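With mmCIF, C-alpha atoms inside, this is data02.cif:
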data_entry
loop_
_atom_site.label_atom_id
_atom_site.label_comp_id
_atom_site.auth_asym_id
_atom_site.auth_seq_id
_atom_site.Cartn_x
_atom_site.Cartn_y
_atom_site.Cartn_z
CA MET A 141 82.61 34.38 47.43
CA SER A 142 80.23 35.61 44.65
CA ASP A 143 78.81 38.36 46.90
CA GLY A 144 82.25 39.83 47.30
CA PHE A 145 82.88 40.13 43.55
CA ASP A 146 79.37 41.59 42.94
CA ARG A 147 79.80 44.37 45.45
CA ALA A 148 83.27 45.51 44.39
CA PRO A 149 82.16 47.63 41.37
CA GLU A 150 79.61 49.49 43.49
CA GLN A 151 82.37 51.12 45.53
CA THR A 152 83.49 53.18 42.50
CA ARG A 153 80.06 54.60 41.67
CA PRO A 154 78.86 57.89 43.26
CA LEU A 155 76.30 57.50 46.00
CA ARG A 156 72.86 59.00 45.36
CA ALA A 157 71.32 58.51 48.79
CA PRO A 158 69.53 61.51 50.29
CA SER A 159 71.59 63.76 52.48
CA SER A 160 69.10 63.24 55.31
CA SER A 161 70.08 59.59 55.69
CA PRO A 162 72.26 59.38 58.77
CA ASP A 163 73.60 55.95 57.79
CA ASN A 164 75.07 57.30 54.57
CA ILE A 165 76.84 60.40 55.95
CA PRO A 166 79.97 58.55 57.13
CA GLN A 167 80.25 56.84 53.73
CA GLN A 168 79.91 60.20 51.99
CA ASN A 169 82.74 61.68 54.08
CA SER A 170 84.89 58.61 53.38
CA GLU A 171 84.39 59.00 49.65
CA SER A 172 85.36 62.70 49.83
CA ALA A 173 88.54 61.85 51.71
CA MET A 174 89.55 59.33 49.08
CA ALA A 175 88.74 61.68 46.19
CA LYS A 176 90.73 64.64 47.64
CA PRO A 177 93.70 63.43 49.73
CA GLN A 178 95.09 66.02 52.13
CA VAL A 179 98.70 67.23 51.61
CA VAL A 180 100.74 67.47 54.80
CA VAL A 181 103.23 70.37 54.71
CA ALA A 182 106.35 69.91 56.84
CA PRO A 183 107.16 72.84 59.13
CA VAL A 184 110.02 75.13 58.00
CA LEU A 185 113.04 74.95 60.34
CA MET A 186 114.50 78.39 61.09
CA SER A 187 118.35 78.48 61.25
CA LYS A 188 119.97 80.05 64.26
CA LEU A 189 123.18 80.89 62.32
CA SER A 190 124.02 84.55 61.98
CA VAL A 191 126.55 86.55 60.00
CA ASN A 192 127.11 88.55 63.15
CA ALA A 193 128.22 85.52 65.16
CA PRO A 194 131.66 85.77 66.81
CA GLU A 195 134.63 84.33 64.94
CA PHE A 196 135.22 80.63 65.62
CA TYR A 197 138.50 79.45 67.18
CA PRO A 198 139.46 75.84 67.93
CA SER A 199 139.39 74.92 71.59
CA SER A 200 143.19 74.58 71.67
CA TYR A 201 143.75 78.05 70.23
CA SER A 202 144.11 81.02 72.54
CA SER A 203 142.52 84.13 71.06
CA ASN A 204 143.22 86.34 74.06
CA TYR A 205 146.29 87.81 72.42
CA THR A 206 144.58 88.46 69.08
CA GLU A 207 141.65 90.25 70.66
CA SER A 208 143.81 92.28 72.99
CA TYR A 209 146.40 93.04 70.33
CA GLU A 210 143.77 94.59 68.07
CA ASP A 211 142.88 96.95 70.92
CA GLY A 212 146.52 97.87 71.58
CA CYS A 213 147.91 97.44 75.09
CA GLU A 214 144.88 98.84 76.92
CA ASP A 215 143.81 95.40 78.18
CA TYR A 216 147.24 94.66 79.70
CA PRO A 217 147.87 95.98 83.20
CA THR A 218 151.67 95.71 82.92
CA LEU A 219 154.39 95.89 80.28
CA SER A 220 155.58 92.44 81.30
CA GLU A 221 152.24 90.81 80.48
CA TYR A 222 151.96 92.56 77.13
CA VAL A 223 155.48 91.64 76.02
CA GLN A 224 155.23 88.06 77.30
CA ASP A 225 151.96 87.56 75.46
CA PHE A 226 153.52 88.79 72.24
CA LEU A 227 156.56 86.53 72.68
CA ASN A 228 154.31 83.51 73.26
CA HIS A 229 152.33 84.48 70.19
CA LEU A 230 155.51 84.58 68.08
CA THR A 231 156.55 81.22 69.46
CA GLU A 232 153.28 79.64 68.36
CA GLN A 233 152.97 81.56 65.08
CA PRO A 234 156.42 82.66 63.86
CA GLY A 235 154.96 83.50 60.44
CA SER A 236 153.19 86.52 61.92
CA PHE A 237 156.48 88.31 62.62
CA GLU A 238 156.54 90.43 59.47
CA THR A 239 152.93 91.63 59.76
CA GLU A 240 152.82 92.36 63.50
CA ILE A 241 156.30 93.47 64.55
CA GLY A 242 155.68 97.05 63.39
CA GLN A 243 152.67 97.58 65.62
CA PHE A 244 154.46 95.88 68.51
CA ALA A 245 157.42 98.26 68.24
CA GLU A 246 155.09 101.26 67.94
CA THR A 247 153.26 100.21 71.12
CA LEU A 248 156.56 99.78 72.96
CA ASN A 249 157.66 103.27 71.99
CA GLY A 250 154.60 104.61 73.80
CA TRP A 251 155.13 102.41 76.84
CA VAL A 252 158.89 101.94 77.34
CA THR A 253 159.87 105.39 78.54
CA THR A 254 162.17 104.64 81.49
CA ASP A 255 165.45 102.82 82.09
CA ASP A 256 163.73 100.18 84.21
CA ALA A 257 161.14 99.48 81.53
CA LEU A 258 163.85 99.02 78.90
CA GLN A 259 165.82 96.71 81.19
CA GLU A 260 162.67 94.67 81.79
CA LEU A 261 162.03 94.39 78.05
CA VAL A 262 165.57 93.14 77.40
CA GLU A 263 165.33 90.55 80.17
CA LEU A 264 161.99 89.20 78.93
CA ILE A 265 163.29 88.70 75.41
CA TYR A 266 166.55 87.17 76.63
CA GLN A 267 164.76 84.67 78.86
CA GLN A 268 162.38 83.65 76.07
CA ALA A 269 165.23 83.19 73.60
CA THR A 270 167.30 81.02 75.97
CA SER A 271 164.55 78.98 77.61
CA ILE A 272 162.16 78.15 74.77
CA PRO A 273 163.46 75.62 72.21
CA ASN A 274 163.77 76.95 68.66
CA PHE A 275 163.08 80.57 69.66
CA SER A 276 166.72 81.70 69.49
CA TYR A 277 166.44 82.61 65.79
CA MET A 278 163.17 84.48 66.21
CA GLY A 279 164.52 86.17 69.32
CA ALA A 280 167.59 87.37 67.41
CA ARG A 281 165.41 88.79 64.62
CA LEU A 282 163.24 90.54 67.19
CA CYS A 283 166.30 92.04 68.89
CA ASN A 284 167.63 93.31 65.57
CA TYR A 285 164.32 94.99 64.69
CA LEU A 286 163.90 96.65 68.09
CA SER A 287 167.51 97.86 68.07
CA HIS A 288 166.66 99.96 65.01
CA HIS A 289 163.08 101.01 65.85
CA LEU A 290 162.93 101.73 69.58
CA THR A 291 163.27 105.46 70.10
CA ILE A 292 164.22 105.46 73.78
CA SER A 293 167.93 105.89 74.41
CA PRO A 294 168.55 106.51 78.12
CA GLN A 295 171.92 107.22 79.74
CA SER A 296 172.27 103.58 80.75
CA GLY A 297 172.36 102.59 77.08
CA ASN A 298 170.02 101.88 74.19
CA PHE A 299 168.33 98.54 73.53
CA ARG A 300 171.30 96.93 71.74
CA GLN A 301 173.78 98.04 74.38
CA LEU A 302 171.67 96.71 77.22
CA LEU A 303 171.17 93.44 75.35
CA LEU A 304 174.92 92.95 74.90
CA GLN A 305 175.48 93.79 78.56
CA ARG A 306 172.98 91.08 79.51
CA CYS A 307 174.78 88.58 77.29
CA ARG A 308 178.11 89.56 78.81
CA THR A 309 176.79 88.65 82.27
CA GLU A 310 176.27 85.07 81.09
CA TYR A 311 179.48 85.07 79.06
CA GLU A 312 181.66 85.86 82.07
CA VAL A 313 180.72 82.58 83.78
CA LYS A 314 181.31 80.44 80.69
CA ASP A 315 184.10 78.33 82.18
CA GLN A 316 182.11 77.42 85.28
CA ALA A 317 178.97 76.77 83.23
CA ALA A 318 180.75 74.47 80.76
CA LYS A 319 181.85 72.19 83.59
CA GLY A 320 178.71 72.56 85.73
CA ASP A 321 175.89 70.09 86.25
CA GLU A 322 173.55 68.99 83.49
CA VAL A 323 170.96 71.73 84.11
CA THR A 324 173.64 74.45 84.16
CA ARG A 325 175.22 73.17 80.95
CA LYS A 326 171.86 73.00 79.20
CA ARG A 327 171.15 76.65 80.04
CA PHE A 328 174.67 77.56 78.92
CA HIS A 329 174.21 75.78 75.58
CA ALA A 330 170.98 77.71 74.95
CA PHE A 331 172.88 80.96 75.57
CA VAL A 332 175.68 79.90 73.18
CA LEU A 333 173.27 79.19 70.32
CA PHE A 334 171.35 82.43 70.95
CA LEU A 335 174.62 84.37 70.78
CA GLY A 336 175.36 82.65 67.47
CA GLU A 337 171.99 83.76 66.11
CA LEU A 338 172.63 87.29 67.37
CA TYR A 339 175.95 87.37 65.53
CA LEU A 340 174.22 86.44 62.28
CA ASN A 341 171.13 88.67 62.64
CA LEU A 342 172.12 91.73 64.68
CA GLU A 343 172.97 94.43 62.15
CA ILE A 344 175.02 97.48 63.05
CA LYS A 345 174.78 100.45 60.70
CA GLY A 346 177.90 102.51 60.30
CA THR A 347 178.18 106.26 59.75
CA ASN A 348 178.37 105.76 55.99
CA GLY A 349 175.29 103.53 55.93
CA GLN A 350 177.19 100.25 55.65
CA VAL A 351 175.84 97.30 57.62
CA THR A 352 178.26 95.24 59.67
CA ARG A 353 178.17 92.58 62.36
CA ALA A 354 179.15 93.07 65.98
CA ASP A 355 182.85 92.27 66.31
CA ILE A 356 182.44 91.79 70.03
CA LEU A 357 180.17 88.81 69.32
CA GLN A 358 182.77 87.32 66.98
CA VAL A 359 185.37 87.43 69.75
CA GLY A 360 182.85 86.04 72.23
CA LEU A 361 181.97 83.06 70.05
CA ARG A 362 185.63 82.16 69.70
CA GLU A 363 186.05 82.07 73.48
CA LEU A 364 182.83 80.11 73.94
CA LEU A 365 184.15 77.44 71.58
CA ASN A 366 187.33 77.27 73.65
CA ALA A 367 185.25 76.71 76.80
CA LEU A 368 183.25 73.93 75.14
CA PHE A 369 186.28 72.07 73.74
CA SER A 370 188.15 72.47 77.04
CA ASN A 371 185.42 70.39 78.67
CA PRO A 372 184.85 67.65 76.07
CA MET A 373 181.68 66.13 77.45
CA ASP A 374 179.22 64.86 74.87
CA ASP A 375 176.66 67.64 75.28
CA ASN A 376 179.36 70.34 75.17
CA LEU A 377 180.78 68.90 71.95
CA ILE A 378 177.31 68.61 70.39
CA CYS A 379 176.69 72.28 71.22
CA ALA A 380 180.02 73.22 69.59
CA VAL A 381 179.07 71.29 66.45
CA LYS A 382 175.70 73.08 66.27
CA LEU A 383 177.35 76.47 66.71
CA LEU A 384 179.92 75.83 63.99
CA LYS A 385 177.31 74.52 61.58
CA LEU A 386 175.36 77.71 62.23
CA THR A 387 178.16 80.28 62.09
CA GLY A 388 181.26 78.47 60.79
CA SER A 389 181.25 79.84 57.25
CA VAL A 390 180.62 83.43 58.36
CA LEU A 391 183.23 83.25 61.13
CA GLU A 392 185.88 81.82 58.82
CA ASP A 393 185.24 84.49 56.18
CA ALA A 394 185.53 87.22 58.82
CA TRP A 395 188.74 85.77 60.23
CA LYS A 396 190.28 85.38 56.77
CA GLU A 397 189.58 89.04 56.01
CA LYS A 398 191.63 89.92 59.10
CA GLY A 399 194.37 87.44 58.22
CA LYS A 400 193.57 85.20 61.17
CA THR A 401 193.80 81.40 61.25
CA ASP A 402 191.32 80.81 64.05
CA MET A 403 189.31 78.26 62.08
CA GLU A 404 192.43 76.20 61.36
CA GLU A 405 193.12 76.13 65.09
CA ILE A 406 189.54 75.04 65.83
CA ILE A 407 189.69 72.22 63.28
CA GLN A 408 192.99 71.06 64.75
CA ARG A 409 191.43 71.06 68.18
CA ILE A 410 188.49 69.00 66.93
CA GLU A 411 190.87 66.42 65.48
CA ASN A 412 192.68 66.21 68.82
CA VAL A 413 189.38 65.69 70.62
CA VAL A 414 188.47 62.85 68.26
CA LEU A 415 191.80 61.16 68.96
CA ASP A 416 192.11 61.74 72.70
CA ALA A 417 188.76 62.54 74.32
CA ASN A 418 186.56 59.88 75.88
CA CYS A 419 183.45 61.02 74.03
CA SER A 420 180.92 58.64 72.52
CA ARG A 421 181.29 57.14 69.08
CA ASP A 422 178.29 59.08 67.76
CA VAL A 423 179.77 62.40 68.89
CA LYS A 424 183.09 61.56 67.24
CA GLN A 425 181.21 60.88 64.02
CA MET A 426 179.52 64.28 64.32
CA LEU A 427 182.90 65.97 64.76
CA LEU A 428 184.38 64.16 61.75
CA LYS A 429 181.35 65.14 59.65
CA LEU A 430 181.89 68.75 60.68
CA VAL A 431 185.53 68.61 59.57
CA GLU A 432 184.37 67.16 56.27
CA LEU A 433 181.78 69.94 55.90
CA ARG A 434 184.42 72.58 56.45
CA SER A 435 186.74 70.92 53.89
CA SER A 436 183.94 71.39 51.31
CA ASN A 437 183.82 75.15 52.05
CA TRP A 438 180.87 74.63 54.42
CA GLY A 439 178.77 73.17 51.63
CA ARG A 440 178.73 76.42 49.67
CA VAL A 441 178.63 76.27 45.87
CA HIS A 442 180.00 79.21 43.92
CA ALA A 443 177.59 79.84 41.06
CA ALA A 444 180.09 82.05 39.25
CA SER A 445 182.64 79.27 38.82
CA THR A 446 182.89 77.86 35.32
CA TYR A 447 181.69 74.34 34.70
CA ARG A 448 184.37 71.68 34.47
CA GLU A 449 183.80 68.05 33.72
CA ALA A 450 184.54 65.94 36.78
CA THR A 451 187.80 64.03 36.66
CA PRO A 452 189.80 62.11 39.26
CA GLU A 453 192.18 65.08 39.41
CA ASN A 454 189.64 67.88 40.14
CA ASP A 455 186.86 66.03 41.98
CA PRO A 456 187.69 64.24 45.24
CA ASN A 457 184.33 62.44 45.10
CA TYR A 458 184.84 61.16 41.56
CA PHE A 459 185.12 57.51 42.66
CA MET A 460 182.53 57.73 45.44
CA ASN A 461 179.84 55.76 43.59
CA GLU A 462 182.17 53.30 41.90
CA PRO A 463 181.57 49.59 42.70
CA THR A 464 183.90 47.64 44.96
CA PHE A 465 185.57 44.46 43.69
CA TYR A 466 187.59 41.78 45.50
CA THR A 467 190.75 40.00 44.49
CA SER A 468 191.22 36.25 44.81
CA ASP A 469 192.69 36.95 48.26
CA GLY A 470 189.57 38.84 49.35
CA ILE A 471 191.24 42.27 49.20
CA PRO A 472 188.79 45.01 48.12
CA PHE A 473 189.70 47.45 45.36
CA THR A 474 187.92 50.19 43.38
CA ALA A 475 188.60 52.32 40.33
CA ALA A 476 190.48 54.74 42.59
CA ASP A 477 193.30 52.22 43.13
CA PRO A 478 196.44 52.84 40.99
CA ASP A 479 196.60 49.19 39.85
CA TYR A 480 192.86 48.98 39.20
CA GLN A 481 193.19 47.93 35.53
CA GLU A 482 195.56 45.09 36.33
CA LYS A 483 193.43 43.74 39.19
CA TYR A 484 190.23 44.06 37.19
CA GLN A 485 191.70 42.20 34.19
CA GLU A 486 192.87 39.44 36.49
CA LEU A 487 189.36 39.23 37.87
CA LEU A 488 187.88 38.80 34.41
CA GLU A 489 190.36 36.07 33.49
CA ARG A 490 189.63 33.94 36.51
CA GLU A 491 187.98 30.73 35.29
CA ASP A 492 186.55 29.89 38.69
CA PHE A 493 184.77 33.18 39.18
CA PHE A 494 181.38 31.44 39.72
CA PRO A 495 182.31 27.77 39.24
CA ASP A 496 179.05 26.17 40.31
CA TYR A 497 176.55 28.70 38.97
CA GLU A 498 175.17 29.62 35.61
CA GLU A 499 174.58 33.23 34.66
CA ASN A 500 171.06 33.13 36.07
CA GLY A 501 172.25 31.71 39.42
CA THR A 502 171.22 28.07 38.90
CA ASP A 503 173.30 25.68 41.01
CA LEU A 504 175.20 23.20 38.78
CA SER A 505 177.06 21.41 41.56
CA GLY A 506 174.49 18.59 41.70
CA GLY A 507 172.85 19.31 45.02
CA GLY A 508 169.60 20.98 43.95
CA ASP A 509 166.57 21.93 45.98
CA PRO A 510 164.26 18.86 46.20
CA TYR A 511 161.22 21.11 45.99
CA LEU A 512 162.46 22.96 42.92
CA ASP A 513 163.54 19.71 41.25
CA ASP A 514 159.92 18.62 41.09
CA ILE A 515 158.89 21.67 39.09
CA ASP A 516 158.52 21.14 35.35
CA ASP A 517 160.68 23.59 33.37
CA GLU A 518 158.40 23.45 30.30
CA MET A 519 156.04 26.37 29.80
CA ASP A 520 152.34 26.06 29.30
CA PRO A 521 151.49 26.33 25.56
CA GLU A 522 149.45 29.50 26.05
CA ILE A 523 152.19 31.12 28.11
CA GLU A 524 154.79 30.09 25.57
CA GLU A 525 152.75 31.59 22.73
CA ALA A 526 152.22 34.82 24.66
CA TYR A 527 155.92 34.99 25.45
CA GLU A 528 156.85 34.62 21.77
CA LYS A 529 154.45 37.39 20.83
CA PHE A 530 155.97 39.59 23.52
CA CYS A 531 159.49 38.97 22.21
CA LEU A 532 158.46 39.74 18.61
CA GLU A 533 156.67 42.92 19.68
CA SER A 534 159.66 44.06 21.70
CA GLU A 535 161.98 43.43 18.77
CA ARG A 536 159.70 45.40 16.44
CA LYS A 537 159.60 48.38 18.82
CA ARG A 538 163.37 48.27 19.23
CA LYS A 539 163.92 48.47 15.47
CA GLN A 540 161.56 51.44 15.19
#

Spit out the file's structure as structure tokens when you get a sec.
Amino acid sequence: MSDGFDRAPEQTRPLRAPSSSPDNIPQQNSESAMAKPQVVVAPVLMSKLSVNAPEFYPSSYSSNYTESYEDGCEDYPTLSEYVQDFLNHLTEQPGSFETEIGQFAETLNGWVTTDDALQELVELIYQQATSIPNFSYMGARLCNYLSHHLTISPQSGNFRQLLLQRCRTEYEVKDQAAKGDEVTRKRFHAFVLFLGELYLNLEIKGTNGQVTRADILQVGLRELLNALFSNPMDDNLICAVKLLKLTGSVLEDAWKEKGKTDMEEIIQRIENVVLDANCSRDVKQMLLKLVELRSSNWGRVHAASTYREATPENDPNYFMNEPTFYTSDGIPFTAADPDYQEKYQELLEREDFFPDYEENGTDLSGGGDPYLDDIDDEMDPEIEEAYEKFCLESERKRKQ
């Protein structure tokens, strides 16, 4: 053990042995390695990222349209493929309508130069608007834009005229479609809602620059409603409700300007359907809600009307949120009842209003809960002290 402690200090002293001693050379190298430790430098990893790399798209996103659209229609062999790709693009990204519709119309003006090409364009848009859910509104906006920006106007008719002719083809079989099988009715309902969107969005400019709606569509919608109510199946009635929610206010305003009472007749027909038709309870509720919506001027609020404080005389919903009370006979009454004051006073004077309960709901009839009876009502001293402090603090804040 003593030899080990005696030799330890010698390891820190420099060796003075001659360089020719082969036994000492390994020790000399060992000392040099300990005096000057080598620093290992990690290799530098070179990134393969590049600013010139192609733009990244998620795997579920189709960039074919974007790339081809930037190059115009050169990558599309046919008009049909170009238009269909644009329609699919609008379906997936409706927010791009405003920024891309101009270039689309400009491209069509260079491509649609014959009657057949214009007919094909109309058919493609019509099929997309009546077969793809939720595209009827976008399809109507697209039709309105193209009706004002397509330059071709062949003898067979311009874009708007051909579009209305295509709609008329479907309109003429409305009675058969409304009573057809489920698939036929579903296609018919899509056409009805698309025609409603066209009525709202298709603008016709007059000779003096005024913008009007197509009267022919107004007449068509009235007849379509007749076809739906004449065949009061649930899906037909639901389609009628959707159409009236969409166009009811505009149709009624237009009919009133002409002195017509068409909307009154429609509402009367709805009420007859609710009373007589064998439709489901849910559909009847939808029809009644529609009648209620119309009675409130289709939910429109006139900002110009002067403010009046709500009273039972001028607000039909004045008592809507009032509580409901019950007489001693179990008959409900509210503040809207003429004898409300008398019934309410009688209610207050009843001595047996809650005969077996205190104000906090404690049962005083004698039959208590055996579990609750075992609980001590006295508070813990610390809790009682904290409660008193809370009450005093609350009283102080109230007086401030």

Legend entry - Top pick for closest residue to A:Gly439, considering A:Arg300, A:Arg538, A:Arg362, A:Lys385 and counting all atoms listed in the file: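 So, comparing all the options, the nearest one is A:Lys385.
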
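Straight-line separation from atom CA of A:Leu282 to atom CA of A:Gln358: 19.8 Å.
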
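The gap separating atom CA of A:Glu263 from atom CA of A:Phe226 is 14.3 Å, in Å to one decimal.
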
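Minimum atom-to-atom distance to A:Ser271, evaluated using all atoms listed in the file, belongs to A:Ala330 out of A:Lys314, A:Thr254, A:Ala330, A:Asp321.
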
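The spacing separating atom CA of A:Tyr277 from atom CA of A:Ile344 amounts to 17.4 Å.
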
Inset, instruction - Would you kindly identify which residues have an atom no farther than 12 Å from (186.2, 84.4, 70.5), using only C-alpha atoms and the file's own coordinates, and write them out as a ChimeraX atom specification? - result: /A:311,314,332,335-336,339,355-368,391-392,395,400,402-403,406

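Take the candidates A:Met373, A:Arg440, A:Leu433, A:Ser534 and check each one against A:Val414 using only C-alpha atoms; the shortest distance goes to A:Met373.
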
Legend entry - 8 Å contact set for A:Ala380, all atoms listed in the file, chain neighbours under 3 positions out, as an MDAnalysis selection string: chainID A and resid 365 368:369 376:377 383:384

Legend entry - Nearby residues (only C-alpha atoms) at most 12 Å from A:Val351, same-chain spacing under 5 positions excluded, as a ChimeraX atom specification: /A:340-346

Inset, instruction - Using the chain letters and numbers from the file, give me the residues hit by the PyMOL selection byres ((chain A and resi 430) around 10), as a list in words. - result: Val381, Lys382, Leu384, Lys385, Gly388, Ile407, Ile410, Lys424, Gln425, Met426, Leu427, Leu428, Lys429, Val431, Glu432, Leu433, Arg434, Ser435, Ser436 and Trp438 of chain A

Legend entry - For A:Arg353, the nearest of the candidates A:Val390, A:Gln224, A:Asp479, A:Lys529, counting all atoms listed in the file: A:Val390

Inset, instruction - Taking the file above as input, evaluate the PyMOL selection byres ((chain A and resi 280) around 12) and report the hits as a ChimeraX atom specification. - result: /A:262,265-266,268-270,274-279,281-287,300,303-304,331,333-343

Atoms to include: C-alpha atoms. Write the selected residues as a CSV table (one decimal), keeping the file's coordinate frame.
chain,number,residue,atom,x,y,z
A,262,VAL,CA,165.6,93.1,77.4
A,265,ILE,CA,163.3,88.7,75.4
A,266,TYR,CA,166.6,87.2,76.6
A,268,GLN,CA,162.4,83.6,76.1
A,269,ALA,CA,165.2,83.2,73.6
A,270,THR,CA,167.3,81.0,76.0
A,274,ASN,CA,163.8,77.0,68.7
A,275,PHE,CA,163.1,80.6,69.7
A,276,SER,CA,166.7,81.7,69.5
A,277,TYR,CA,166.4,82.6,65.8
A,278,MET,CA,163.2,84.5,66.2
A,279,GLY,CA,164.5,86.2,69.3
A,281,ARG,CA,165.4,88.8,64.6
A,282,LEU,CA,163.2,90.5,67.2
A,283,CYS,CA,166.3,92.0,68.9
A,284,ASN,CA,167.6,93.3,65.6
A,285,TYR,CA,164.3,95.0,64.7
A,286,LEU,CA,163.9,96.6,68.1
A,287,SER,CA,167.5,97.9,68.1
A,300,ARG,CA,171.3,96.9,71.7
A,303,LEU,CA,171.2,93.4,75.4
A,304,LEU,CA,174.9,93.0,74.9
A,331,PHE,CA,172.9,81.0,75.6
A,333,LEU,CA,173.3,79.2,70.3
A,334,PHE,CA,171.4,82.4,71.0
A,335,LEU,CA,174.6,84.4,70.8
A,336,GLY,CA,175.4,82.6,67.5
A,337,GLU,CA,172.0,83.8,66.1
A,338,LEU,CA,172.6,87.3,67.4
A,339,TYR,CA,176.0,87.4,65.5
A,340,LEU,CA,174.2,86.4,62.3
A,341,ASN,CA,171.1,88.7,62.6
A,342,LEU,CA,172.1,91.7,64.7
A,343,GLU,CA,173.0,94.4,62.2

Legend entry - Closest of A:Cys307, A:Asn412, A:Asn371, A:Asn437 to A:Gly320 - atom-to-atom distances counting all atoms listed in the file: A:Asn371

Starting from the incomplete input, reconstruct N, CA, C and O atoms of stretch 337-351 of chain A and write that as a short mmCIF file (atom, residue, chain, number, x, y, z; two decimals), keeping the file's coordinate frame.
data_model
loop_
_atom_site.label_atom_id
_atom_site.label_comp_id
_atom_site.auth_asym_id
_atom_site.auth_seq_id
_atom_site.Cartn_x
_atom_site.Cartn_y
_atom_site.Cartn_z
N GLU A 337 173.05 83.15 66.92
CA GLU A 337 171.99 83.76 66.11
C GLU A 337 172.09 85.29 66.14
O GLU A 337 171.85 85.95 65.12
N LEU A 338 172.46 85.84 67.29
CA LEU A 338 172.63 87.29 67.37
C LEU A 338 173.75 87.76 66.44
O LEU A 338 173.63 88.79 65.77
N TYR A 339 174.84 86.99 66.40
CA TYR A 339 175.95 87.37 65.53
C TYR A 339 175.53 87.41 64.06
O TYR A 339 175.98 88.28 63.30
N LEU A 340 174.65 86.50 63.67
CA LEU A 340 174.22 86.44 62.28
C LEU A 340 173.14 87.47 61.96
O LEU A 340 173.05 87.95 60.82
N ASN A 341 172.31 87.84 62.93
CA ASN A 341 171.13 88.67 62.64
C ASN A 341 171.20 90.10 63.15
O ASN A 341 170.46 90.95 62.66
N LEU A 342 172.05 90.38 64.12
CA LEU A 342 172.12 91.73 64.68
C LEU A 342 172.95 92.62 63.76
O LEU A 342 174.18 92.45 63.67
N GLU A 343 172.31 93.56 63.11
CA GLU A 343 172.97 94.43 62.15
C GLU A 343 173.33 95.76 62.80
O GLU A 343 172.52 96.36 63.51
N ILE A 344 174.55 96.20 62.53
CA ILE A 344 175.02 97.48 63.05
C ILE A 344 175.30 98.38 61.86
O ILE A 344 176.13 98.06 61.01
N LYS A 345 174.62 99.51 61.80
CA LYS A 345 174.78 100.45 60.70
C LYS A 345 175.86 101.47 61.02
O LYS A 345 175.82 102.12 62.06
N GLY A 346 176.81 101.57 60.11
CA GLY A 346 177.90 102.51 60.30
C GLY A 346 177.51 103.92 59.90
O GLY A 346 176.40 104.19 59.44
N THR A 347 178.45 104.85 60.06
CA THR A 347 178.18 106.26 59.75
C THR A 347 177.95 106.47 58.26
O THR A 347 177.22 107.38 57.86
N ASN A 348 178.54 105.62 57.45
CA ASN A 348 178.37 105.76 55.99
C ASN A 348 177.21 104.91 55.46
O ASN A 348 177.06 104.79 54.24
N GLY A 349 176.43 104.32 56.36
CA GLY A 349 175.29 103.53 55.93
C GLY A 349 175.58 102.07 55.71
O GLY A 349 174.67 101.28 55.43
N GLN A 350 176.86 101.67 55.84
CA GLN A 350 177.19 100.25 55.65
C GLN A 350 176.72 99.45 56.85
O GLN A 350 176.66 99.94 57.98
N VAL A 351 176.35 98.20 56.58
CA VAL A 351 175.84 97.30 57.62
C VAL A 351 176.92 96.28 57.95
O VAL A 351 177.46 95.61 57.07
#
